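With TSV, C-alpha atoms and all ligand atoms inside, this is final12.tsv:
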chain	number	residue	atom	x	y	z
A	1	MET	CA	92.82	116.95	75.81
A	2	ILE	CA	95.52	114.36	75.16
A	3	ILE	CA	99.22	115.23	75.13
A	4	ILE	CA	101.58	112.58	73.78
A	5	LEU	CA	105.02	112.55	75.37
A	6	THR	CA	107.57	111.02	73.04
A	7	GLY	CA	111.28	110.40	73.40
A	8	ALA	CA	113.83	107.60	73.50
A	9	PRO	CA	113.96	105.14	76.38
A	10	GLY	CA	115.59	107.03	79.25
A	11	ALA	CA	114.57	110.46	77.98
A	12	GLY	CA	112.61	111.09	81.16
A	13	LYS	CA	109.04	110.81	79.91
A	14	GLY	CA	107.79	108.85	82.93
A	15	THR	CA	109.49	111.14	85.46
A	16	GLN	CA	108.11	114.26	83.81
A	17	ALA	CA	104.65	112.75	83.40
A	18	ASP	CA	104.61	111.98	87.15
A	19	LEU	CA	105.58	115.56	88.01
A	20	LEU	CA	102.99	116.99	85.65
A	21	SER	CA	100.34	114.76	87.21
A	22	GLN	CA	101.26	115.86	90.74
A	23	ARG	CA	101.62	119.56	89.99
A	24	GLU	CA	99.34	120.29	87.04
A	25	GLY	CA	96.56	117.77	87.51
A	26	PHE	CA	97.16	115.66	84.42
A	27	LYS	CA	96.29	111.97	84.42
A	28	LYS	CA	99.19	109.84	83.20
A	29	ILE	CA	98.74	106.75	81.07
A	30	SER	CA	101.93	104.69	80.86
A	31	THR	CA	101.62	101.60	78.69
A	32	GLY	CA	104.91	100.29	80.14
A	33	ASP	CA	103.54	100.58	83.72
A	34	ALA	CA	100.26	98.97	82.65
A	35	LEU	CA	102.11	96.05	81.04
A	36	ARG	CA	104.30	95.55	84.11
A	37	LYS	CA	101.16	95.46	86.27
A	38	HIS	CA	99.71	92.74	84.05
A	39	ILE	CA	102.95	90.76	84.41
A	40	ARG	CA	102.92	91.12	88.21
A	41	GLU	CA	99.32	89.96	88.35
A	42	GLY	CA	99.98	87.06	85.98
A	43	THR	CA	97.17	87.95	83.57
A	44	GLU	CA	96.87	86.57	80.04
A	45	ILE	CA	98.08	89.92	78.66
A	46	GLY	CA	101.01	89.84	81.07
A	47	ASN	CA	102.00	86.35	79.96
A	48	LYS	CA	101.89	87.40	76.30
A	49	ALA	CA	103.91	90.57	76.92
A	50	LYS	CA	106.61	89.20	79.21
A	51	SER	CA	109.10	87.76	76.73
A	52	TYR	CA	108.91	90.77	74.38
A	53	MET	CA	109.51	93.19	77.22
A	54	SER	CA	112.40	91.33	78.76
A	55	GLU	CA	114.06	91.22	75.33
A	56	GLY	CA	113.56	94.97	74.87
A	57	LYS	CA	111.24	94.44	71.88
A	58	LEU	CA	107.82	95.96	71.24
A	59	VAL	CA	104.81	94.03	72.49
A	60	PRO	CA	102.41	93.29	69.57
A	61	ASP	CA	100.05	96.12	68.65
A	62	ASN	CA	96.86	94.13	69.25
A	63	VAL	CA	97.86	93.52	72.88
A	64	LEU	CA	98.48	97.23	73.36
A	65	LEU	CA	95.17	98.25	71.85
A	66	GLY	CA	93.14	96.61	74.62
A	67	ILE	CA	95.36	98.17	77.28
A	68	LEU	CA	95.08	101.62	75.72
A	69	GLN	CA	91.33	101.42	75.52
A	70	SER	CA	90.83	100.42	79.14
A	71	GLU	CA	93.34	103.02	80.38
A	72	LEU	CA	91.59	105.75	78.38
A	73	ASP	CA	88.19	104.67	79.74
A	74	ALA	CA	89.51	105.06	83.29
A	75	VAL	CA	90.48	108.73	82.83
A	76	ARG	CA	87.75	110.01	80.55
A	77	GLY	CA	87.16	113.76	80.91
A	78	PHE	CA	90.64	114.56	82.29
A	79	ASN	CA	93.66	116.11	80.63
A	80	ILE	CA	95.76	113.09	79.72
A	81	LEU	CA	99.48	112.53	79.25
A	82	LEU	CA	100.32	109.50	77.15
A	83	ASP	CA	103.70	108.00	78.04
A	84	GLY	CA	104.90	105.10	75.87
A	85	TYR	CA	102.17	105.08	73.24
A	86	PRO	CA	102.24	105.29	70.24
A	87	ARG	CA	105.53	103.51	69.62
A	88	ASN	CA	105.10	102.93	65.90
A	89	VAL	CA	103.09	104.47	63.07
A	90	ALA	CA	100.40	101.74	63.16
A	91	GLN	CA	99.77	102.58	66.84
A	92	ALA	CA	99.62	106.30	65.97
A	93	ARG	CA	96.93	105.54	63.39
A	94	SER	CA	94.97	103.40	65.87
A	95	LEU	CA	95.06	106.22	68.40
A	96	GLN	CA	93.66	108.65	65.82
A	97	GLU	CA	90.81	106.23	65.18
A	98	ILE	CA	90.01	105.84	68.86
A	99	VAL	CA	90.12	109.49	69.95
A	100	GLY	CA	89.32	111.26	66.67
A	101	SER	CA	91.43	113.89	64.96
A	102	ASP	CA	90.60	116.59	67.54
A	103	GLY	CA	91.45	114.45	70.54
A	104	ILE	CA	95.20	114.95	70.42
A	105	ARG	CA	96.43	118.42	71.32
A	106	ALA	CA	100.16	117.86	70.79
A	107	ALA	CA	103.00	115.36	70.56
A	108	VAL	CA	105.85	116.73	72.65
A	109	HIS	CA	109.24	115.21	71.96
A	110	LEU	CA	111.70	115.16	74.87
A	111	GLU	CA	115.05	115.24	73.11
A	112	VAL	CA	118.12	113.95	74.96
A	113	ASP	CA	121.66	113.45	73.64
A	114	PRO	CA	122.14	109.75	72.81
A	115	SER	CA	125.31	109.60	74.95
A	116	ALA	CA	123.28	110.43	78.08
A	117	LEU	CA	120.55	107.83	77.52
A	118	VAL	CA	122.44	104.63	78.40
A	119	GLN	CA	123.85	106.24	81.55
A	120	ARG	CA	120.40	107.41	82.64
A	121	ILE	CA	118.79	104.02	82.10
A	122	SER	CA	121.51	101.88	83.61
A	123	GLY	CA	121.32	103.93	86.84
A	124	ARG	CA	117.53	103.86	86.88
A	125	ARG	CA	115.66	102.04	89.63
A	126	THR	CA	111.89	101.61	89.58
A	127	CYS	CA	109.22	101.04	92.22
A	128	VAL	CA	107.60	97.65	91.67
A	129	ASN	CA	104.24	98.99	92.84
A	130	CYS	CA	103.69	102.57	91.60
A	131	GLY	CA	106.37	102.76	88.90
A	132	THR	CA	108.10	105.84	90.31
A	133	SER	CA	111.60	106.18	88.83
A	134	TYR	CA	114.78	106.89	90.78
A	135	HIS	CA	118.42	107.17	89.73
A	136	VAL	CA	121.24	105.82	91.89
A	137	VAL	CA	123.27	109.02	91.45
A	138	THR	CA	121.00	111.88	90.42
A	139	SER	CA	117.79	111.09	92.33
A	140	PRO	CA	118.17	108.28	94.87
A	141	ALA	CA	115.30	107.26	97.16
A	142	LYS	CA	115.49	108.62	100.72
A	143	LYS	CA	115.69	105.08	102.15
A	144	ASP	CA	117.71	102.57	100.17
A	145	SER	CA	115.47	100.33	98.00
A	146	ILE	CA	112.20	101.66	99.46
A	147	CYS	CA	109.88	103.86	97.41
A	148	ASP	CA	109.44	107.39	98.89
A	149	ARG	CA	105.91	107.51	97.58
A	150	CYS	CA	104.35	104.16	98.44
A	151	GLY	CA	106.89	102.21	100.53
A	152	ALA	CA	107.17	99.26	98.10
A	153	ASP	CA	110.49	97.81	96.88
A	154	ILE	CA	112.63	99.61	94.33
A	155	VAL	CA	114.39	97.36	91.82
A	156	GLN	CA	116.29	97.51	88.54
A	157	ARG	CA	113.94	96.58	85.70
A	158	PRO	CA	115.07	93.44	83.84
A	159	ASP	CA	115.18	95.43	80.57
A	160	ASP	CA	117.32	98.22	82.05
A	161	ASN	CA	120.67	96.45	81.64
A	162	GLU	CA	123.13	97.66	79.02
A	163	GLU	CA	122.50	94.84	76.52
A	164	LYS	CA	118.70	95.29	76.50
A	165	VAL	CA	119.00	99.06	76.48
A	166	LYS	CA	120.90	98.84	73.19
A	167	VAL	CA	118.09	96.73	71.70
A	168	ARG	CA	115.49	99.23	72.95
A	169	LEU	CA	117.38	102.19	71.49
A	170	GLY	CA	117.57	100.34	68.14
A	171	VAL	CA	113.82	99.66	68.21
A	172	TYR	CA	113.24	103.31	69.05
A	173	GLU	CA	115.26	104.49	66.04
A	174	SER	CA	113.66	102.13	63.53
A	175	GLU	CA	110.05	101.99	64.76
A	176	THR	CA	109.30	104.95	67.03
A	177	ARG	CA	111.23	107.81	65.42
A	178	PRO	CA	108.97	107.73	62.30
A	179	VAL	CA	106.07	108.59	64.62
A	180	LEU	CA	107.59	112.08	64.97
A	181	ASP	CA	107.04	112.72	61.24
A	182	PHE	CA	103.49	111.42	61.55
A	183	TYR	CA	102.73	114.19	64.08
A	184	ARG	CA	104.85	116.77	62.22
A	185	ASP	CA	102.63	116.24	59.19
A	186	LEU	CA	99.55	116.83	61.36
A	187	GLY	CA	101.06	120.07	62.75
A	188	LEU	CA	101.07	118.64	66.28
A	189	TYR	CA	104.82	118.18	66.82
A	190	HIS	CA	106.72	120.15	69.51
A	191	ARG	CA	110.22	119.65	70.86
A	192	VAL	CA	111.55	120.24	74.36
A	193	ASP	CA	115.23	119.96	75.34
A	194	GLY	CA	115.43	117.05	77.78
A	195	ASN	CA	119.13	117.32	78.62
A	196	GLY	CA	118.95	119.42	81.80
A	197	SER	CA	118.14	118.47	85.37
A	198	THR	CA	114.68	117.09	86.16
A	199	GLU	CA	113.52	120.52	87.37
A	200	GLU	CA	114.99	122.38	84.38
A	201	VAL	CA	113.27	120.03	81.95
A	202	TYR	CA	110.06	120.24	83.98
A	203	LYS	CA	110.02	124.06	83.70
A	204	ALA	CA	110.50	123.95	79.93
A	205	LEU	CA	107.87	121.25	79.48
A	206	ALA	CA	105.28	122.85	81.76
A	207	ALA	CA	105.74	126.17	79.93
A	208	GLN	CA	105.26	124.41	76.60
A	209	LEU	CA	102.09	122.69	77.82
A	210	ARG	CA	100.66	125.92	79.27
A	211	SER	CA	101.13	127.56	75.89
A	212	LEU	CA	99.02	124.76	74.39
A	213	ALA	CA	96.20	124.86	76.95
B	1	LIG	P1	110.96	103.05	78.21
B	1	LIG	O1	110.21	104.25	77.72
B	1	LIG	O2	112.08	103.41	79.12
B	1	LIG	O3	111.39	102.12	77.11
B	1	LIG	P2	108.48	101.75	79.10
B	1	LIG	O4	108.15	101.40	80.48
B	1	LIG	O5	107.66	102.81	78.42
B	1	LIG	O6	110.02	102.16	79.13
B	1	LIG	O7	108.41	100.44	78.16
B	1	LIG	C1	109.02	99.24	78.52
B	1	LIG	C2	108.69	98.14	77.51
B	1	LIG	O8	107.26	97.91	77.48
B	1	LIG	C3	109.05	98.41	76.06
B	1	LIG	O9	110.40	98.11	75.77
B	1	LIG	C4	108.07	97.45	75.34
B	1	LIG	O10	108.51	96.12	75.41
B	1	LIG	C5	106.81	97.56	76.18
B	1	LIG	N1	105.89	98.61	75.69
B	1	LIG	C6	105.48	99.72	76.36
B	1	LIG	N2	104.65	100.45	75.60
B	1	LIG	C7	104.52	99.80	74.42
B	1	LIG	C8	103.82	100.06	73.20
B	1	LIG	N3	103.08	101.16	73.04
B	1	LIG	N4	103.91	99.16	72.19
B	1	LIG	C9	104.65	98.05	72.32
B	1	LIG	N5	105.35	97.75	73.42
B	1	LIG	C10	105.30	98.61	74.47

What is this structure when it is put down as structure tokens?
Amino acid sequence: MIIILTGAPGAGKGTQADLLSQREGFKKISTGDALRKHIREGTEIGNKAKSYMSEGKLVPDNVLLGILQSELDAVRGFNILLDGYPRNVAQARSLQEIVGSDGIRAAVHLEVDPSALVQRISGRRTCVNCGTSYHVVTSPAKKDSICDRCGADIVQRPDDNEEKVKVRLGVYESETRPVLDFYRDLGLYHRVDGNGSTEEVYKALAAQLRSLA
């Protein structure tokens, strides 16, 4: 079963997907994490993706398709959470072609007030190795700049500054929001309030997913 987690940048998809993986046994696929890994390793995909990502723009669909396919192959047979894909309607259509119409169980939209998003993202810090997210105020790491989970460095992503965040929110509104209607039309759309604390949102999301199991 595949669950798509949708929501604006900063809505908390990655954080919640990590918790659901740890506590409910889901496998998370994050296209953003996969792209950042390619960039770190200096692959051809990473070199193609780099400039788009640092500008806050979408990486071309054909680049994402290869990533999606290899990530799906790696977790075949598990319950999967998709974080960061699809980000436009063309990607939603490609996903339907790859997994078939029965493959997707739901698209769950984490809805957060726009005023909170910029604040969440500008305080976000991310582990360079495992992608775990922290927030300087609401969820700092135990040791400054060191990941609690894997011990690697925690940094601010280059696209998490205020200027790039505005670009990303614009891209979200024009390209990703129409994806919600795509899933509404298929009867797969669900909404969860993402405004509370991490644990409050987790409870609501886990309850929603259990009702779908
Ligand atoms: P966020 O959800 O906070 O925007 P992500 O880590 O999911 O963060 O994505 C970071 C960047 O990676 C995006 O701004 C985009 O450049 C690129 N990216 C990730 N997933 C996709 C995708 N499905 N299609 C195109 N670009 C993507």

Open item on the list: Taking only C-alpha atoms and all ligand atoms into account, name the residue in A:Tyr52, A:Tyr202, A:Tyr183, A:Tyr189 that is nearest to ligand LIG 1 (chain B).
Closed with: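 Result for the nearest residue to ligand LIG 1 (chain B): A:Tyr52.
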
Task: Env. residues ligand LIG 1 (chain B) / 9 Å / all atoms listed in the file / as a ChimeraX atom specification - done: /A:6-14,30-36,49-61,63-65,68,83-88,91,121,131,159-160,164-165,167-169,171-172

- [ ] Considering all atoms listed in the file, state which residue in the set A:Gly187, A:Pro178, A:Gly46, A:Gly103 is at the smallest distance from Val89 (chain A).
- [x]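 Using all atoms listed in the file, Val89 (chain A) sits closest to A:Pro178.
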
TODO: Select, from A:Arg125, A:Lys203, A:His109, A:His38, the residue with the minimum atom-to-atom distance to Leu20 (chain A), counting all atoms listed in the file.
DONE: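 Closest to Leu20 (chain A) of all the choices is A:Lys203.
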
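Proximity to Val75 (chain A) was assessed for A:Ser101, A:Ile2, A:Asp144, A:Ala92 counting all atoms listed in the file; the smallest distance is recorded for A:Ile2.
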
- [ ] Considering only C-alpha atoms, state which residue in the set A:Asp185, A:Val192, A:Val179, A:Glu41 is at the smallest distance from Val128 (chain A).
- [x]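 Looking only at the distances to Val128 (chain A), the closest residue turns out to be A:Glu41.
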
- [ ] Quick one: everything within 8 Å of Arg120 (chain A), counting all atoms listed in the file, minus sequence neighbours fewer than 4 positions away in the same chain. Send it as JSON, numbers by chain.
- [x] {"A": [10, 116, 124, 135]}

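Going from CA of Gln69 (chain A) over to CA of Cys127 (chain A), you cover 24.5 Å.
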
- [ ] Rank A:Val108, A:Gln119, A:Ile98, A:Asn79 by their smallest atom-to-atom distance to Asp193 (chain A), using all atoms listed in the file, and report the top residue only.
- [x]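 Checking each of A:Val108, A:Gln119, A:Ile98, A:Asn79 against Asp193 (chain A), counting all atoms listed in the file, the winner is A:Val108.
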
Open item on the list: Which residues are close to Thr198 (chain A), i.e. within 8 Å by all atoms listed in the file, leaving aside same-chain residues fewer than 2 positions away? Reply as a PyMOL selection string.
Closed with: chain A and resi 15-16+196+200-202

Open item on the list: So the first atom is CA of Ile4 (chain A) and the second is CA of Ala213 (chain A); what is the distance between them in Å, to one decimal place?
Closed with: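 Those two atoms sit 13.8 Å apart.
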
Please rebuild region 13-35 of chain A with N, CA and C atoms and give the result as a PDB file, in the coordinates of the input.
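The resulting file, rebuild.pdb, is shown below:
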ATOM      1  N   LYS A  13     110.478 110.613  80.109  1.00  0.00           N
ATOM      2  CA  LYS A  13     109.040 110.810  79.910  1.00  0.00           C
ATOM      3  C   LYS A  13     108.244 110.466  81.171  1.00  0.00           C
ATOM      4  N   GLY A  14     108.550 109.317  81.762  1.00  0.00           N
ATOM      5  CA  GLY A  14     107.790 108.850  82.930  1.00  0.00           C
ATOM      6  C   GLY A  14     107.966 109.792  84.118  1.00  0.00           C
ATOM      7  N   THR A  15     109.206 110.214  84.351  1.00  0.00           N
ATOM      8  CA  THR A  15     109.490 111.140  85.460  1.00  0.00           C
ATOM      9  C   THR A  15     108.719 112.440  85.274  1.00  0.00           C
ATOM     10  N   GLN A  16     108.790 112.983  84.071  1.00  0.00           N
ATOM     11  CA  GLN A  16     108.110 114.260  83.810  1.00  0.00           C
ATOM     12  C   GLN A  16     106.600 114.089  83.861  1.00  0.00           C
ATOM     13  N   ALA A  17     106.104 112.969  83.364  1.00  0.00           N
ATOM     14  CA  ALA A  17     104.650 112.750  83.400  1.00  0.00           C
ATOM     15  C   ALA A  17     104.173 112.658  84.856  1.00  0.00           C
ATOM     16  N   ASP A  18     104.981 112.041  85.730  1.00  0.00           N
ATOM     17  CA  ASP A  18     104.610 111.980  87.150  1.00  0.00           C
ATOM     18  C   ASP A  18     104.552 113.373  87.753  1.00  0.00           C
ATOM     19  N   LEU A  19     105.563 114.203  87.456  1.00  0.00           N
ATOM     20  CA  LEU A  19     105.580 115.560  88.010  1.00  0.00           C
ATOM     21  C   LEU A  19     104.392 116.377  87.499  1.00  0.00           C
ATOM     22  N   LEU A  20     104.108 116.233  86.217  1.00  0.00           N
ATOM     23  CA  LEU A  20     102.990 116.990  85.650  1.00  0.00           C
ATOM     24  C   LEU A  20     101.657 116.524  86.240  1.00  0.00           C
ATOM     25  N   SER A  21     101.567 115.249  86.579  1.00  0.00           N
ATOM     26  CA  SER A  21     100.340 114.760  87.210  1.00  0.00           C
ATOM     27  C   SER A  21     100.204 115.358  88.610  1.00  0.00           C
ATOM     28  N   GLN A  22     101.323 115.346  89.365  1.00  0.00           N
ATOM     29  CA  GLN A  22     101.260 115.860  90.740  1.00  0.00           C
ATOM     30  C   GLN A  22     100.998 117.357  90.780  1.00  0.00           C
ATOM     31  N   ARG A  23     101.639 118.098  89.870  1.00  0.00           N
ATOM     32  CA  ARG A  23     101.620 119.560  89.990  1.00  0.00           C
ATOM     33  C   ARG A  23     100.608 120.254  89.090  1.00  0.00           C
ATOM     34  N   GLU A  24     100.216 119.599  88.008  1.00  0.00           N
ATOM     35  CA  GLU A  24      99.340 120.290  87.040  1.00  0.00           C
ATOM     36  C   GLU A  24      98.025 119.544  86.828  1.00  0.00           C
ATOM     37  N   GLY A  25      97.855 118.455  87.563  1.00  0.00           N
ATOM     38  CA  GLY A  25      96.560 117.770  87.510  1.00  0.00           C
ATOM     39  C   GLY A  25      96.307 116.895  86.290  1.00  0.00           C
ATOM     40  N   PHE A  26      97.362 116.585  85.544  1.00  0.00           N
ATOM     41  CA  PHE A  26      97.160 115.660  84.420  1.00  0.00           C
ATOM     42  C   PHE A  26      96.957 114.243  84.948  1.00  0.00           C
ATOM     43  N   LYS A  27      96.321 113.404  84.143  1.00  0.00           N
ATOM     44  CA  LYS A  27      96.290 111.970  84.420  1.00  0.00           C
ATOM     45  C   LYS A  27      97.295 111.319  83.468  1.00  0.00           C
ATOM     46  N   LYS A  28      98.165 110.487  84.034  1.00  0.00           N
ATOM     47  CA  LYS A  28      99.190 109.840  83.200  1.00  0.00           C
ATOM     48  C   LYS A  28      98.726 108.447  82.787  1.00  0.00           C
ATOM     49  N   ILE A  29      98.897 108.136  81.515  1.00  0.00           N
ATOM     50  CA  ILE A  29      98.740 106.750  81.070  1.00  0.00           C
ATOM     51  C   ILE A  29     100.111 106.276  80.619  1.00  0.00           C
ATOM     52  N   SER A  30     100.650 105.269  81.282  1.00  0.00           N
ATOM     53  CA  SER A  30     101.930 104.690  80.860  1.00  0.00           C
ATOM     54  C   SER A  30     101.675 103.251  80.441  1.00  0.00           C
ATOM     55  N   THR A  31     101.861 102.971  79.146  1.00  0.00           N
ATOM     56  CA  THR A  31     101.620 101.600  78.690  1.00  0.00           C
ATOM     57  C   THR A  31     102.651 100.642  79.281  1.00  0.00           C
ATOM     58  N   GLY A  32     103.887 101.135  79.515  1.00  0.00           N
ATOM     59  CA  GLY A  32     104.910 100.290  80.140  1.00  0.00           C
ATOM     60  C   GLY A  32     104.481  99.903  81.559  1.00  0.00           C
ATOM     61  N   ASP A  33     104.008 100.879  82.343  1.00  0.00           N
ATOM     62  CA  ASP A  33     103.540 100.580  83.720  1.00  0.00           C
ATOM     63  C   ASP A  33     102.359  99.609  83.674  1.00  0.00           C
ATOM     64  N   ALA A  34     101.436  99.844  82.727  1.00  0.00           N
ATOM     65  CA  ALA A  34     100.260  98.970  82.650  1.00  0.00           C
ATOM     66  C   ALA A  34     100.675  97.540  82.315  1.00  0.00           C
ATOM     67  N   LEU A  35     101.631  97.396  81.397  1.00  0.00           N
ATOM     68  CA  LEU A  35     102.110  96.050  81.040  1.00  0.00           C
ATOM     69  C   LEU A  35     102.792  95.373  82.221  1.00  0.00           C
TER      70      LEU A  35
END
